[in-house]
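First up is the structure itself, then whatever we jot down about it.
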Amino acid sequence: MARFVIRRILLALPALFGLVVLTFVLSRVVPGDPAATLAGDAATPAQIAEIRAQYGLDRPIWEQAIVHVRQVLTGDFGRSVFSGRPVVEEIAFRLPATLELTFAALLLSTLFGVALGLVAALDHNGPVDHLVRLLSIGGLAIASFWLAIMLQLVFSMDLDWLPLRGRMDVTLGTPPRVTGFLLVDTLLAGRPDMLASALRHMVLPAVTLALPGLATIARFTRSGVLEALQKDYVLYARAAGYGRVRLAAIYVLRNAVTVTVTQIGLLFGALISGAVAVEAVFDWPGLGTYAVQAILSSDYKALLAVTMVVGVVYAVVNVAVDVAQALIDPRVAEEMS
Amino acid sequence: MSAAATRLLRDPVSALGLAIVLFAVFVAAFAPQLAPYPEDAYESHLLQRLRPPSAEFPFGTDNLGRDILSRVILGTRSALAVALSVVVAAMAIGIPVGLFAGWRDNWVSDVLMRVTDVFLAVPQLILALALGQLMRPGIETAMVALALTYWPFFARTVFAETRRLRSALFVDALAGIGARPSRILLLHVLPNALPAVLVRATIGMGFTILTAAILGFLGVGAAPPSPDWGLAVAEARQHLPEAWWFPTFPGLAILLLVLGFNLLGDGLRDAADPRLRRSRR
């Protein structure tokens, strides 16, 4: 098992290294002068030259490449053009907010997705099945930013049930930062009122973000369960007198869930992408709003760092998913090695 | 293939998807004729701003007094054009890469597939944002960025099909009678991989429309006064909760069109792959 894990990690490294090279190549082969883009339309030639020197853009291309790779490998992404603070610090400060939201969404989509998929499969071709099928295709067609705004319109502006934006009531202050995960920090601070506020703020963004994942998981669980139901061992179990529910819970779901676990890995990418738009709508102070801010202020270093950090997180999740899959189904580990 | 087409049309869900897509193509083709106020793509009428839906303006008017129905209709054209260009460009890169890498077992094919992995190492939207920013933001850059992030999916699909087919008996037979590899690949392997590519392309259309809308919403895609749907939703945010109709209808248009492509892609996948059909039954 340890060999499998190491092997899987080693497989992920070339792609990440490639990403470092790719971002460099693209930032240099693209038409136009990056220094001029950074300086903006109103910049004088002297200002452009200054920026060029500041970013090392006046050096030979191979030297720039080496510097770029060395900086990225040592986690040195320079200072943000926007705030003047080290980019890595800013990202480390914001990453927990995004991870907290993403995990909440992942939890929602897995719980409800597996349940809906199972119910749909057990009601094969019945009304529940059709409803879940519609939901699972429709859920992938909704633009997350639009759903977010619609939910805000109904539940925050019209009904006034849930907060419109942010992570917590500003009047409550913030708990001392320990982990950066607000749900954990409020608990550590022993402030149930803050925890309640944080949870209330999380409902709409997490639901918005969870919907596409829920759709995917429901769909794959459904087809996985349907496939498992056709297996001989299920037939035997039924002949031996097992009830439908017990059969589904004990025999079918475990076999069907392997497919679902693979999907969770793929989903994480969709969740991180979705988080960019959802965070922008809900003013969620995470990586997504940071990326949007970086784009709007032409903060090239910040955006590059976000891309690399997301790449690393994405790789870690995918390795974890492969390992989880190998633990559930030993045949997978054999197949991969 | 015609048996597959019959099967596709007999499934009500895929038929609905096809109907939505055909309707959108029709709307896009005759957008200037269908839109009640075609000049509202660019003109503003400040005296009639933010009017609620009425007989005169079925979807209401926006912050510049433009008819939202007209702008939704005019936006269909650009949404389809952007998605189609992106998918075709992605196919133009991905299919040759997949064919070449799948056919041979040398270092070139290894490098090609490693490069494919690199493009898949980050979620598409993040990569598209980064690429879009490294170049100058705008709708053209957004399209290039989307094509550059979507081709690996075609490369993967065609690679898998080519690997599966290259040891097929008919390929051996063709090689035996002296057919050149290029001929085998283009005339025999590619047509067999086409159903899988078609499914990928249909789903890719839906995905691209959605991602392009996100880029427009975030301000790195289409620029004003374009009737882009994502951009319209972004512009609408400052006028909530009063003008609920302003973000609602462009968003519904995105939902409907993406739903159409997803339903169609779903149906095509089932029609193309009998193994998957079994579990749907």
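How things are named: the first chain in the structure tokens is A, the next is B, and so on; residues count from 1 in each chain; ligands count from 1 in the order shown.
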Taking a cut-off of 6 Å and counting only C-alpha atoms, can you build a table that, for each residue of chain A near chain B, reports the nearest atom pair and how far apart they are in Å (one decimal), sorted by chain then residue number, as a tab-separated table?
residue	atom	partner	partner_atom	distance
A:Ala15	CA	B:Val118	CA	4.5
A:Gly18	CA	B:Val118	CA	5.5
A:Leu19	CA	B:Val118	CA	5.6
A:Ser27	CA	B:Leu134	CA	5.5
A:Ala141	CA	B:Leu259	CA	5.1
A:Ile142	CA	B:Leu255	CA	5.2
A:Trp146	CA	B:Gly251	CA	5.9
A:Ser223	CA	B:Ser279	CA	5.9
A:Gly269	CA	B:Pro123	CA	5.0
A:Ser273	CA	B:Leu125	CA	5.6
A:Gly311	CA	B:Val122	CA	4.8
(request) Find the spatial neighbours of segment 317-331 of chain A, counting only C-alpha atoms, within a cut-off of 7 Å - ignore same-chain residues fewer than 3 positions away - and output them as a VMD selection string. (result) chain A and resid 5 8 to 9 258 261 to 262 265 313 to 314 334 to 335
(request) Just give me the gap between atom CA of Leu22 of chain B and atom CA of Gly221 of chain B in Å, one decimal is fine. (result)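 Going from atom CA of Leu22 of chain B over to atom CA of Gly221 of chain B, I get 25.4 Å.
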(request) From a DSSP pass on the backbone, collect the residues of segment 90-243 of chain B flagged as helix (DSSP H, G or I) and hand them back as a PyMOL selection string. (result) chain B and resi 90-103+107-119+124-134+139-165+169-176+181-218+229-239
Could you list, as a tab-separated table (two decimals) with N, CA and C atoms, in the first residue's frame, every residue within 10 Å of segment 191-195 of chain B, counting only C-alpha atoms and ignoring same-chain residues fewer than 4 positions away?
chain	number	residue	atom	x	y	z
B	1	MET	N	-25.40	3.66	-37.82
B	1	MET	CA	-25.55	5.05	-37.34
B	1	MET	C	-27.01	5.48	-37.39
B	95	ILE	N	-7.67	16.26	-31.54
B	95	ILE	CA	-7.81	15.04	-32.34
B	95	ILE	C	-6.47	14.59	-32.93
B	99	LEU	N	-4.68	11.04	-31.98
B	99	LEU	CA	-4.41	10.05	-33.02
B	99	LEU	C	-2.94	9.67	-33.03
B	157	THR	N	-9.85	11.38	-25.32
B	157	THR	CA	-10.88	10.54	-25.94
B	157	THR	C	-10.33	9.83	-27.17
B	158	VAL	N	-9.69	10.60	-28.07
B	158	VAL	CA	-9.20	10.01	-29.31
B	158	VAL	C	-8.03	9.06	-29.03
B	159	PHE	N	-7.20	9.42	-28.04
B	159	PHE	CA	-6.09	8.55	-27.65
B	159	PHE	C	-6.62	7.17	-27.25
B	160	ALA	N	-7.64	7.17	-26.38
B	160	ALA	CA	-8.19	5.89	-25.89
B	160	ALA	C	-8.76	5.07	-27.04
B	161	GLU	N	-9.49	5.74	-27.94
B	161	GLU	CA	-10.09	5.02	-29.07
B	161	GLU	C	-9.01	4.46	-30.00
B	162	THR	N	-7.97	5.28	-30.26
B	162	THR	CA	-6.91	4.83	-31.16
B	162	THR	C	-6.17	3.63	-30.57
B	164	ARG	N	-7.36	1.47	-28.58
B	164	ARG	CA	-8.25	0.31	-28.62
B	164	ARG	C	-8.26	-0.28	-30.04
B	165	LEU	N	-8.22	0.60	-31.05
B	165	LEU	CA	-8.42	0.14	-32.42
B	165	LEU	C	-7.14	-0.30	-33.10
B	185	LEU	N	-5.21	5.85	-40.20
B	185	LEU	CA	-5.67	6.72	-39.11
B	185	LEU	C	-6.83	7.60	-39.54
B	186	LEU	N	-6.68	8.26	-40.70
B	186	LEU	CA	-7.69	9.24	-41.08
B	186	LEU	C	-8.95	8.59	-41.63
B	187	LEU	N	-8.79	7.52	-42.43
B	187	LEU	CA	-9.97	6.95	-43.09
B	187	LEU	C	-10.60	5.81	-42.32
B	199	VAL	N	-19.88	12.92	-28.88
B	199	VAL	CA	-20.43	13.03	-27.53
B	199	VAL	C	-19.65	14.08	-26.74
B	200	ARG	N	-18.32	14.01	-26.82
B	200	ARG	CA	-17.43	14.94	-26.14
B	200	ARG	C	-17.72	16.37	-26.59
B	201	ALA	N	-17.90	16.53	-27.91
B	201	ALA	CA	-18.11	17.87	-28.47
B	201	ALA	C	-19.44	18.46	-28.00
B	268	LEU	N	-26.81	11.08	-26.85
B	268	LEU	CA	-25.82	10.63	-27.83
B	268	LEU	C	-24.90	9.58	-27.22
B	269	ARG	N	-24.53	9.81	-25.96
B	269	ARG	CA	-23.62	8.87	-25.29
B	269	ARG	C	-24.29	7.50	-25.19
B	271	ALA	N	-26.73	6.39	-27.08
B	271	ALA	CA	-26.95	5.82	-28.41
B	271	ALA	C	-25.64	5.27	-28.98
B	272	ALA	N	-24.51	5.94	-28.64
B	272	ALA	CA	-23.23	5.55	-29.21
B	272	ALA	C	-22.63	4.35	-28.49
B	273	ASP	N	-22.96	4.18	-27.22
B	273	ASP	CA	-22.33	3.13	-26.44
B	273	ASP	C	-23.39	2.21	-25.82
(request) Check the smallest atom-to-atom distance from each of B:His188, B:Gly267, B:Glu43, B:Phe246 to Ile149 of chain A using only C-alpha atoms, then report the winner. (result) B:Phe246
Tell me which protein, DNA and RNA residues are within 9 Å of Met143 of chain B, counting only C-alpha atoms, leaving out same-chain ones fewer than 2 positions away, and put them as a compact mmCIF listing (two decimals) with N, CA and C atoms, in the first residue's frame.
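Saved the output as part35.txt:
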# COMPACT_ATOMS: atom_id res chain seq x y z
N VAL B 82 -19.36 31.57 -29.93
CA VAL B 82 -18.19 31.41 -29.08
C VAL B 82 -17.98 29.92 -28.78
N ALA B 83 -19.06 29.23 -28.37
CA ALA B 83 -18.92 27.83 -28.00
C ALA B 83 -18.46 26.99 -29.19
N SER B 85 -16.80 27.94 -31.92
CA SER B 85 -15.39 28.21 -32.28
C SER B 85 -14.45 27.53 -31.31
N VAL B 86 -14.79 27.62 -30.01
CA VAL B 86 -13.91 27.02 -28.99
C VAL B 86 -13.83 25.52 -29.18
N ALA B 128 -8.17 28.91 -17.52
CA ALA B 128 -8.67 29.89 -18.48
C ALA B 128 -8.52 31.30 -17.93
N GLY B 132 -6.25 33.88 -19.70
CA GLY B 132 -6.95 35.08 -20.15
C GLY B 132 -6.28 36.34 -19.61
N GLY B 138 -10.57 40.01 -22.77
CA GLY B 138 -11.48 40.33 -23.87
C GLY B 138 -12.08 39.04 -24.37
N ILE B 139 -13.08 39.15 -25.24
CA ILE B 139 -13.79 37.94 -25.66
C ILE B 139 -12.89 37.02 -26.50
N GLU B 140 -12.00 37.62 -27.34
CA GLU B 140 -11.12 36.78 -28.17
C GLU B 140 -10.16 35.99 -27.29
N THR B 141 -9.56 36.68 -26.31
CA THR B 141 -8.63 36.00 -25.40
C THR B 141 -9.36 34.90 -24.64
N ALA B 145 -8.30 31.08 -24.59
CA ALA B 145 -8.03 30.42 -23.32
C ALA B 145 -8.92 29.19 -23.15
N LEU B 146 -10.18 29.30 -23.53
CA LEU B 146 -11.09 28.15 -23.38
C LEU B 146 -10.69 27.00 -24.30
N ALA B 147 -10.30 27.34 -25.53
CA ALA B 147 -9.87 26.29 -26.46
C ALA B 147 -8.61 25.61 -25.94
N LEU B 148 -7.68 26.42 -25.40
CA LEU B 148 -6.42 25.87 -24.88
C LEU B 148 -6.66 24.97 -23.66
N ALA B 212 -17.85 30.28 -20.50
CA ALA B 212 -17.77 31.61 -21.13
C ALA B 212 -18.66 32.60 -20.38
N GLY B 221 -14.48 38.25 -19.92
CA GLY B 221 -14.93 37.74 -21.21
C GLY B 221 -15.44 38.88 -22.07
